[in-house]
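Enquirer: Can you keep this structure in mind? I'll have questions shortly.
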Amino acid sequence: WTMLDENGDPIEDADGNIVTESVQQYAGPGDDLLLTHRFAANGPRDTTTDSNVYDIDLGFTGRIATWDVEGGIRRVESKYIEIGRNYIVSALAQPQFDSGAYNIYDPFSVGQDVLQSFTATINREARFVSREAYALASTDLFEMAAGPVGFAFGAEYRDEDYSDTFDDLQANGNITGSSGNSAGGSRDQYAVFAEALVPVIEDLEVTFAGRYDDYSDFGSEFSPKLAFRWQPLDEITVRGSWGKGFRAPTLDLLTQQPAFSADSVRDPATCVALGQVETCQVQINGFVIANPDLGAETSDQYSFGVAFEPFDWLNG
């Protein structure tokens with residue numbers, strides 16, 4: 001603590017240094033005392049992961065009359081296995097504290113039999129499977145003065161199965177230093193889309209596009225797009241576009257069980273109370289809770305650009 005005089009000003013010694021005093025405050029009999037402790041004597045935690053992705057895509061391309069066609073089916077499967085060793089089981093550690101077998105003030109003197117009595121090997125297993133069918137057709141619909149009108153349309157169908165399973169010790173919050181919880185679910189999704197390229201005049205073409213997506217769990221979205229390409233001179237090309245987009249909520253955000261999370265936050269008042277600078281980061285006990293009614297993230301995109309090529313060897 002900084003020592004102050006009767007006027008509230010810092011006291012300085014003969015060399016001009018501010019005088020400070022170290023103050024310790026202890027809890028008395030019957031008072032609650034909060035101790036923070038890291039289980040360094042138990043050794044480091046160790047986690048290994050095994051992740052595999054399998055992707056099979058069977059497709060075809062061809063031509064039927066004046067139409068170019070493409071289609072296929074696809075299956076994607078990913079598996080993830082995580083094994084964690086030497087993690088602390090809080091429910092088993094507490095009795096060792098209470099009995100005195102684990103000396104929290106001198107943990108490195110505790111025997112291995114006691115240390116190993118409240119450690120565990122934890123595991124997590126996740127699997128995601130996506131099955132998809134798709135088809136696309138394109139052609140030139142008719143001729144205009146500036147050229148043919150190109151047109152394409154298609155459809156997709158996909159179903160997803162997802163599971164992410166934590167062992168019971170983690171799921172029930174009994175593992176110190178572990179975060180996350182189980183999640184799982186399934187959904188169906190289909191989409192239809194179309195695009196047309198129209199040569200308005202010889203140097204100007206406009207593209208119209210749209211896509212409609214429907215999800216079995218959160219709803220549907222429509223994403224339009226409008227773009228143009230104008231080339232007034234051989235050396236200058238002007239491009240621009242506008243469109244809407246969306247990102248569907250992932251299955252873990254919709255279905256995850258409440259999960260502990262040790263988050264870092266910035267809170268000036270807490271930093272000052274702990275004797276730190278106001279810009280410090282402090283760790284808090286947080287919980288992540290899924291929202292089954294979560295909607296899609298939506299966006300608007302705009303772009304505009306000019307390409308200038310005064311010489312064959314120079315682009316700008």
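By order of appearance in the structure tokens: chains A, B, ..., then residues from 1 within every chain, and ligands from 1 in the order shown.
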Can you pull out every residue within 7 Å of A:Pro258, counting only C-alpha atoms, but drop anything in the same chain fewer than 4 positions away, and send it as a PyMOL selection string?
Expert: chain A and resi 181+287-290
Enquirer: Quick one: everything within 10 Å of A:Asp140, counting only C-alpha atoms, minus sequence neighbours fewer than 2 positions away in the same chain. Send it as a list in words.
Expert: Thr66, Trp67, Asp68, Ser138, Phe142, Glu143, Gly147, Pro148, Val149, Gly150, Phe151, Ala152, Ala196 and Leu197 of chain A
Enquirer: How about saving the chosen residues, N, CA and C atoms kept, as an mmCIF file, in the first residue's frame?
Expert:
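Done, and the output landed in selection18.cif:
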```
data_model
loop_
_atom_site.group_PDB
_atom_site.id
_atom_site.type_symbol
_atom_site.label_atom_id
_atom_site.label_comp_id
_atom_site.auth_asym_id
_atom_site.auth_seq_id
_atom_site.Cartn_x
_atom_site.Cartn_y
_atom_site.Cartn_z
ATOM 1 N N THR A 66 -29.903 -29.107 -76.603
ATOM 2 C CA THR A 66 -29.116 -27.867 -76.507
ATOM 3 C C THR A 66 -28.696 -27.559 -75.074
ATOM 4 N N TRP A 67 -28.941 -28.510 -74.165
ATOM 5 C CA TRP A 67 -28.662 -28.268 -72.748
ATOM 6 C C TRP A 67 -27.389 -28.991 -72.315
ATOM 7 N N ASP A 68 -26.527 -28.283 -71.595
ATOM 8 C CA ASP A 68 -25.410 -28.901 -70.895
ATOM 9 C C ASP A 68 -25.893 -29.272 -69.498
ATOM 10 N N SER A 138 -27.711 -25.899 -68.158
ATOM 11 C CA SER A 138 -27.475 -24.566 -68.710
ATOM 12 C C SER A 138 -27.589 -24.602 -70.229
ATOM 13 N N PHE A 142 -31.960 -17.675 -76.206
ATOM 14 C CA PHE A 142 -32.270 -17.060 -77.504
ATOM 15 C C PHE A 142 -31.231 -15.981 -77.786
ATOM 16 N N GLU A 143 -31.259 -15.497 -78.988
ATOM 17 C CA GLU A 143 -30.308 -14.492 -79.424
ATOM 18 C C GLU A 143 -30.906 -13.085 -79.282
ATOM 19 N N GLY A 147 -25.913 -10.545 -78.558
ATOM 20 C CA GLY A 147 -25.438 -11.894 -78.321
ATOM 21 C C GLY A 147 -26.492 -12.764 -77.675
ATOM 22 N N PRO A 148 -26.152 -14.021 -77.363
ATOM 23 C CA PRO A 148 -27.124 -14.948 -76.775
ATOM 24 C C PRO A 148 -27.365 -14.688 -75.298
ATOM 25 N N VAL A 149 -28.587 -14.996 -74.851
ATOM 26 C CA VAL A 149 -28.931 -14.914 -73.425
ATOM 27 C C VAL A 149 -28.645 -16.275 -72.794
ATOM 28 N N GLY A 150 -27.681 -16.285 -71.877
ATOM 29 C CA GLY A 150 -27.341 -17.527 -71.186
ATOM 30 C C GLY A 150 -28.228 -17.750 -69.975
ATOM 31 N N PHE A 151 -28.588 -19.010 -69.736
ATOM 32 C CA PHE A 151 -29.475 -19.327 -68.626
ATOM 33 C C PHE A 151 -29.043 -20.635 -67.993
ATOM 34 N N ALA A 152 -29.081 -20.692 -66.671
ATOM 35 C CA ALA A 152 -28.747 -21.919 -65.932
ATOM 36 C C ALA A 152 -29.677 -22.037 -64.741
ATOM 37 N N ALA A 196 -29.242 -15.887 -65.043
ATOM 38 C CA ALA A 196 -29.358 -15.487 -66.452
ATOM 39 C C ALA A 196 -28.354 -14.385 -66.746
ATOM 40 N N LEU A 197 -27.680 -14.505 -67.879
ATOM 41 C CA LEU A 197 -26.737 -13.487 -68.342
ATOM 42 C C LEU A 197 -27.311 -12.856 -69.598
#
```
Enquirer: Need the shell around A:Asp267: protein/DNA/RNA residues with any atom at most 12 Å away, counting only C-alpha atoms. Skip same-chain ones fewer than 5 positions apart. Format as an mmCIF file with all heavy atoms, in the first residue's frame?
Expert:
```cif
data_model
loop_
_atom_site.group_PDB
_atom_site.id
_atom_site.type_symbol
_atom_site.label_atom_id
_atom_site.label_comp_id
_atom_site.auth_asym_id
_atom_site.auth_seq_id
_atom_site.Cartn_x
_atom_site.Cartn_y
_atom_site.Cartn_z
ATOM 1 N N VAL A 272 -8.860 -3.000 -11.562
ATOM 2 C CA VAL A 272 -8.383 -2.081 -10.520
ATOM 3 C C VAL A 272 -8.489 -2.722 -9.152
ATOM 4 O O VAL A 272 -7.590 -2.607 -8.304
ATOM 5 C CB VAL A 272 -9.178 -0.763 -10.586
ATOM 6 C CG1 VAL A 272 -8.835 0.128 -9.389
ATOM 7 C CG2 VAL A 272 -8.887 -0.028 -11.888
ATOM 8 N N ALA A 273 -9.605 -3.434 -8.888
ATOM 9 C CA ALA A 273 -9.787 -4.092 -7.591
ATOM 10 C C ALA A 273 -8.720 -5.148 -7.337
ATOM 11 O O ALA A 273 -8.348 -5.404 -6.185
ATOM 12 C CB ALA A 273 -11.183 -4.713 -7.528
ATOM 13 N N LEU A 274 -8.207 -5.745 -8.413
ATOM 14 C CA LEU A 274 -7.162 -6.768 -8.281
ATOM 15 C C LEU A 274 -5.770 -6.177 -8.320
ATOM 16 O O LEU A 274 -4.782 -6.910 -8.318
ATOM 17 C CB LEU A 274 -7.313 -7.813 -9.389
ATOM 18 C CG LEU A 274 -8.596 -8.654 -9.363
ATOM 19 C CD1 LEU A 274 -8.652 -9.580 -10.576
ATOM 20 C CD2 LEU A 274 -8.679 -9.466 -8.073
ATOM 21 N N GLN A 276 -4.493 -4.438 -10.829
ATOM 22 C CA GLN A 276 -3.946 -4.482 -12.182
ATOM 23 C C GLN A 276 -4.318 -3.203 -12.933
ATOM 24 O O GLN A 276 -5.110 -2.389 -12.469
ATOM 25 C CB GLN A 276 -4.504 -5.697 -12.938
ATOM 26 C CG GLN A 276 -4.287 -7.020 -12.241
ATOM 27 C CD GLN A 276 -2.824 -7.423 -12.202
ATOM 28 O OE1 GLN A 276 -2.075 -7.149 -13.136
ATOM 29 N NE2 GLN A 276 -2.410 -8.058 -11.116
ATOM 30 N N VAL A 277 -3.709 -3.027 -14.106
ATOM 31 C CA VAL A 277 -4.065 -1.888 -14.936
ATOM 32 C C VAL A 277 -5.471 -2.094 -15.487
ATOM 33 O O VAL A 277 -5.955 -3.224 -15.598
ATOM 34 C CB VAL A 277 -3.046 -1.716 -16.094
ATOM 35 C CG1 VAL A 277 -1.671 -1.402 -15.551
ATOM 36 C CG2 VAL A 277 -3.018 -2.960 -16.980
ATOM 37 N N GLU A 278 -6.141 -0.994 -15.850
ATOM 38 C CA GLU A 278 -7.530 -1.065 -16.273
ATOM 39 C C GLU A 278 -7.731 -1.891 -17.538
ATOM 40 O O GLU A 278 -8.822 -2.397 -17.792
ATOM 41 C CB GLU A 278 -8.085 0.346 -16.506
ATOM 42 C CG GLU A 278 -8.261 1.148 -15.230
ATOM 43 C CD GLU A 278 -8.959 2.466 -15.504
ATOM 44 O OE1 GLU A 278 -9.173 2.787 -16.689
ATOM 45 O OE2 GLU A 278 -9.299 3.172 -14.537
ATOM 46 N N THR A 279 -6.680 -2.031 -18.357
ATOM 47 C CA THR A 279 -6.803 -2.752 -19.632
ATOM 48 C C THR A 279 -6.476 -4.237 -19.516
ATOM 49 O O THR A 279 -6.346 -4.924 -20.530
ATOM 50 C CB THR A 279 -5.879 -2.118 -20.671
ATOM 51 O OG1 THR A 279 -4.529 -2.107 -20.170
ATOM 52 C CG2 THR A 279 -6.313 -0.691 -20.983
ATOM 53 N N CYS A 280 -6.352 -4.756 -18.290
ATOM 54 C CA CYS A 280 -5.988 -6.163 -18.121
ATOM 55 C C CYS A 280 -7.147 -7.066 -18.545
ATOM 56 O O CYS A 280 -8.277 -6.615 -18.748
ATOM 57 C CB CYS A 280 -5.603 -6.453 -16.676
ATOM 58 S SG CYS A 280 -7.018 -6.671 -15.547
ATOM 59 N N GLN A 281 -6.859 -8.340 -18.665
ATOM 60 C CA GLN A 281 -7.875 -9.352 -18.925
ATOM 61 C C GLN A 281 -8.033 -10.219 -17.688
ATOM 62 O O GLN A 281 -7.042 -10.604 -17.054
ATOM 63 C CB GLN A 281 -7.498 -10.225 -20.119
ATOM 64 C CG GLN A 281 -7.683 -9.566 -21.466
ATOM 65 C CD GLN A 281 -7.573 -10.549 -22.614
ATOM 66 O OE1 GLN A 281 -7.044 -11.642 -22.461
ATOM 67 N NE2 GLN A 281 -8.055 -10.165 -23.773
ATOM 68 N N VAL A 282 -9.265 -10.512 -17.337
ATOM 69 C CA VAL A 282 -9.540 -11.390 -16.196
ATOM 70 C C VAL A 282 -10.344 -12.586 -16.685
ATOM 71 O O VAL A 282 -11.121 -12.483 -17.642
ATOM 72 C CB VAL A 282 -10.308 -10.645 -15.080
ATOM 73 C CG1 VAL A 282 -9.436 -9.573 -14.461
ATOM 74 C CG2 VAL A 282 -11.592 -10.044 -15.618
ATOM 75 N N GLN A 283 -10.143 -13.707 -16.046
ATOM 76 C CA GLN A 283 -10.844 -14.935 -16.437
ATOM 77 C C GLN A 283 -12.085 -15.104 -15.570
ATOM 78 O O GLN A 283 -12.036 -14.916 -14.359
ATOM 79 C CB GLN A 283 -9.918 -16.146 -16.283
ATOM 80 C CG GLN A 283 -10.462 -17.412 -16.914
ATOM 81 C CD GLN A 283 -9.484 -18.565 -16.802
ATOM 82 O OE1 GLN A 283 -9.340 -19.177 -15.760
ATOM 83 N NE2 GLN A 283 -8.800 -18.857 -17.897
ATOM 84 N N ILE A 284 -13.187 -15.453 -16.216
ATOM 85 C CA ILE A 284 -14.445 -15.654 -15.511
ATOM 86 C C ILE A 284 -14.977 -17.052 -15.801
ATOM 87 O O ILE A 284 -14.574 -17.692 -16.773
ATOM 88 C CB ILE A 284 -15.508 -14.614 -15.924
ATOM 89 C CG1 ILE A 284 -15.856 -14.784 -17.413
ATOM 90 C CG2 ILE A 284 -15.038 -13.203 -15.633
ATOM 91 C CD1 ILE A 284 -17.085 -14.019 -17.847
#
```
Enquirer: As a PyMOL selection string, list the residues of stretch 87-229 of chain A assigned to strand (DSSP E or B) by DSSP on the backbone atoms of this structure.
Expert: chain A and resi 87-89+119-144+147-166+175-176+183-201+204-215+219-229
Enquirer: With a distance cut-off of 7 Å and only C-alpha atoms, select the neighbouring residues of A:Asp46, excluding the residue or stretch itself and same-chain residues fewer than 2 positions from it, and output the selection as a PyMOL selection string.
Expert: chain A and resi 44+48+84-86
Enquirer: Could you write those residues out with N, CA, C and O atoms, as a short mmCIF file (atom, residue, chain, number, x, y, z; two decimals), in the first residue's frame?
Expert:
```cif
data_model
loop_
_atom_site.label_atom_id
_atom_site.label_comp_id
_atom_site.auth_asym_id
_atom_site.auth_seq_id
_atom_site.Cartn_x
_atom_site.Cartn_y
_atom_site.Cartn_z
N PRO A 44 1.35 -32.31 -15.91
CA PRO A 44 0.61 -31.67 -17.01
C PRO A 44 -0.54 -32.53 -17.52
O PRO A 44 -0.47 -33.76 -17.50
N THR A 48 -4.78 -35.98 -26.74
CA THR A 48 -4.48 -36.43 -28.11
C THR A 48 -5.78 -36.48 -28.90
O THR A 48 -6.85 -36.77 -28.35
N GLY A 84 -8.21 -37.25 -23.26
CA GLY A 84 -7.47 -36.39 -22.34
C GLY A 84 -7.03 -37.17 -21.11
O GLY A 84 -7.85 -37.88 -20.50
N ARG A 85 -5.79 -37.05 -20.77
CA ARG A 85 -5.23 -37.79 -19.64
C ARG A 85 -4.78 -36.85 -18.52
O ARG A 85 -4.37 -35.73 -18.78
N ASN A 86 -4.89 -37.34 -17.30
CA ASN A 86 -4.42 -36.63 -16.10
C ASN A 86 -5.27 -35.39 -15.81
O ASN A 86 -4.75 -34.36 -15.40
#
```
Enquirer: Return the single residue from A:Glu195, A:Glu221, A:Asp214, A:Glu309 that is closest to A:Val238, with distances computed using only C-alpha atoms.
Expert: A:Glu309
Enquirer: Considering only C-alpha atoms, can you say which of A:Ile175, A:Leu136, A:Gly219, A:Phe128 comes closest to A:Asp161?
Expert: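 The answer is A:Phe128, which sits nearest to A:Asp161.
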Enquirer: Atom CA of A:Asp312 and atom CA of A:Val198, how far apart in Å?
Expert: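 Atom CA of A:Asp312 lies 28.5 Å from atom CA of A:Val198.
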Enquirer: Using DSSP on the backbone, list every residue of stretch 123-184 of chain A that comes out as alpha helix (DSSP H), and give them as a ChimeraX atom specification.
Expert: /A:168-171
Enquirer: Taking only C-alpha atoms into account, which of A:Leu35, A:Ala135, A:Ala183, A:Ile81 comes nearest A:Leu253?
Expert: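 Distance minimum relative to A:Leu253 lands on A:Ala183.
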Enquirer: If we count only C-alpha atoms, what is near A:Asp55 at a cut-off of 10 Å, once residues fewer than 6 positions away on the same chain are taken out, given as a PDB file with N, CA, C and O atoms, in the first residue's frame?
Expert:
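Printed below is result05.pdb as written:
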```
ATOM      1  N   ARG A  74     -23.179 -37.081 -53.396  1.00  0.00           N
ATOM      2  CA  ARG A  74     -21.960 -36.906 -52.594  1.00  0.00           C
ATOM      3  C   ARG A  74     -22.242 -37.301 -51.155  1.00  0.00           C
ATOM      4  O   ARG A  74     -23.334 -37.023 -50.630  1.00  0.00           O
ATOM      5  N   ARG A  75     -21.266 -37.921 -50.535  1.00  0.00           N
ATOM      6  CA  ARG A  75     -21.358 -38.269 -49.114  1.00  0.00           C
ATOM      7  C   ARG A  75     -20.071 -37.843 -48.415  1.00  0.00           C
ATOM      8  O   ARG A  75     -18.972 -38.202 -48.859  1.00  0.00           O
ATOM      9  N   VAL A  76     -20.220 -37.077 -47.359  1.00  0.00           N
ATOM     10  CA  VAL A  76     -19.074 -36.610 -46.578  1.00  0.00           C
ATOM     11  C   VAL A  76     -19.263 -37.063 -45.133  1.00  0.00           C
ATOM     12  O   VAL A  76     -20.334 -36.858 -44.549  1.00  0.00           O
ATOM     13  N   GLU A  77     -18.254 -37.678 -44.582  1.00  0.00           N
ATOM     14  CA  GLU A  77     -18.288 -38.106 -43.178  1.00  0.00           C
ATOM     15  C   GLU A  77     -17.000 -37.682 -42.494  1.00  0.00           C
ATOM     16  O   GLU A  77     -15.903 -37.895 -43.023  1.00  0.00           O
ATOM     17  N   SER A  78     -17.133 -37.072 -41.348  1.00  0.00           N
ATOM     18  CA  SER A  78     -15.968 -36.707 -40.553  1.00  0.00           C
ATOM     19  C   SER A  78     -16.114 -37.286 -39.150  1.00  0.00           C
ATOM     20  O   SER A  78     -17.204 -37.283 -38.576  1.00  0.00           O
ATOM     21  N   VAL A 129     -22.185 -36.481 -40.668  1.00  0.00           N
ATOM     22  CA  VAL A 129     -22.418 -37.135 -41.954  1.00  0.00           C
ATOM     23  C   VAL A 129     -23.351 -36.253 -42.783  1.00  0.00           C
ATOM     24  O   VAL A 129     -24.400 -35.804 -42.299  1.00  0.00           O
ATOM     25  N   SER A 130     -22.958 -36.009 -44.032  1.00  0.00           N
ATOM     26  CA  SER A 130     -23.777 -35.229 -44.961  1.00  0.00           C
ATOM     27  C   SER A 130     -23.969 -36.027 -46.235  1.00  0.00           C
ATOM     28  O   SER A 130     -23.002 -36.522 -46.821  1.00  0.00           O
TER      29      SER A 130
END
```
Enquirer: May I ask for the distance between atom CA of A:Arg127 and atom CA of A:Asp217, given in Å to one decimal place?
Expert: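 Atom-to-atom, atom CA of A:Arg127 to atom CA of A:Asp217, that is 19.2 Å.
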Enquirer: Of the residues A:Ser264, A:Asn285, A:Ser216, A:Ser51, which is the one nearest to A:Asp188, using only C-alpha atoms?
Expert: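 Closest to A:Asp188 of all the choices is A:Ser216.
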Enquirer: Might you pull out every residue within 12 Å of A:Asn172, with only C-alpha atoms counted and same-chain residues fewer than 3 positions away left off, and present them as a list in words?
Expert: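 Residues near the query, excluding close chain neighbours: Val89, Ser90, Ala91, Phe166, Asp167, Asp168, Leu169, Ile175, Thr176, Ser178, Ser179, Gly180, Asn181, Ser182, Gln257, Pro258, Ala259 and Phe260 of chain A.
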Enquirer: Write out as a PyMOL selection string which residues come within 9 Å of A:Val114 when counting only C-alpha atoms, dropping same-chain ones fewer than 3 positions away.
Expert: chain A and resi 96+101-102+110-111+117-118
Enquirer: Can you work out the spacing between atom CA of A:Asp32 and atom CA of A:Ala269 in Å, to one decimal?
Expert: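 These two atoms are separated by 23.2 Å.
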Enquirer: Which residue gives the smallest distance to A:Ala307 among A:Glu132, A:Glu235, A:Asp203, A:Asp106, with only C-alpha atoms counted?
Expert: A:Glu235
Enquirer: For A:Gln94, which of A:Val200, A:Leu115, A:Ala41, A:Leu58 is the closest residue, counting only C-alpha atoms?
Expert: A:Leu115
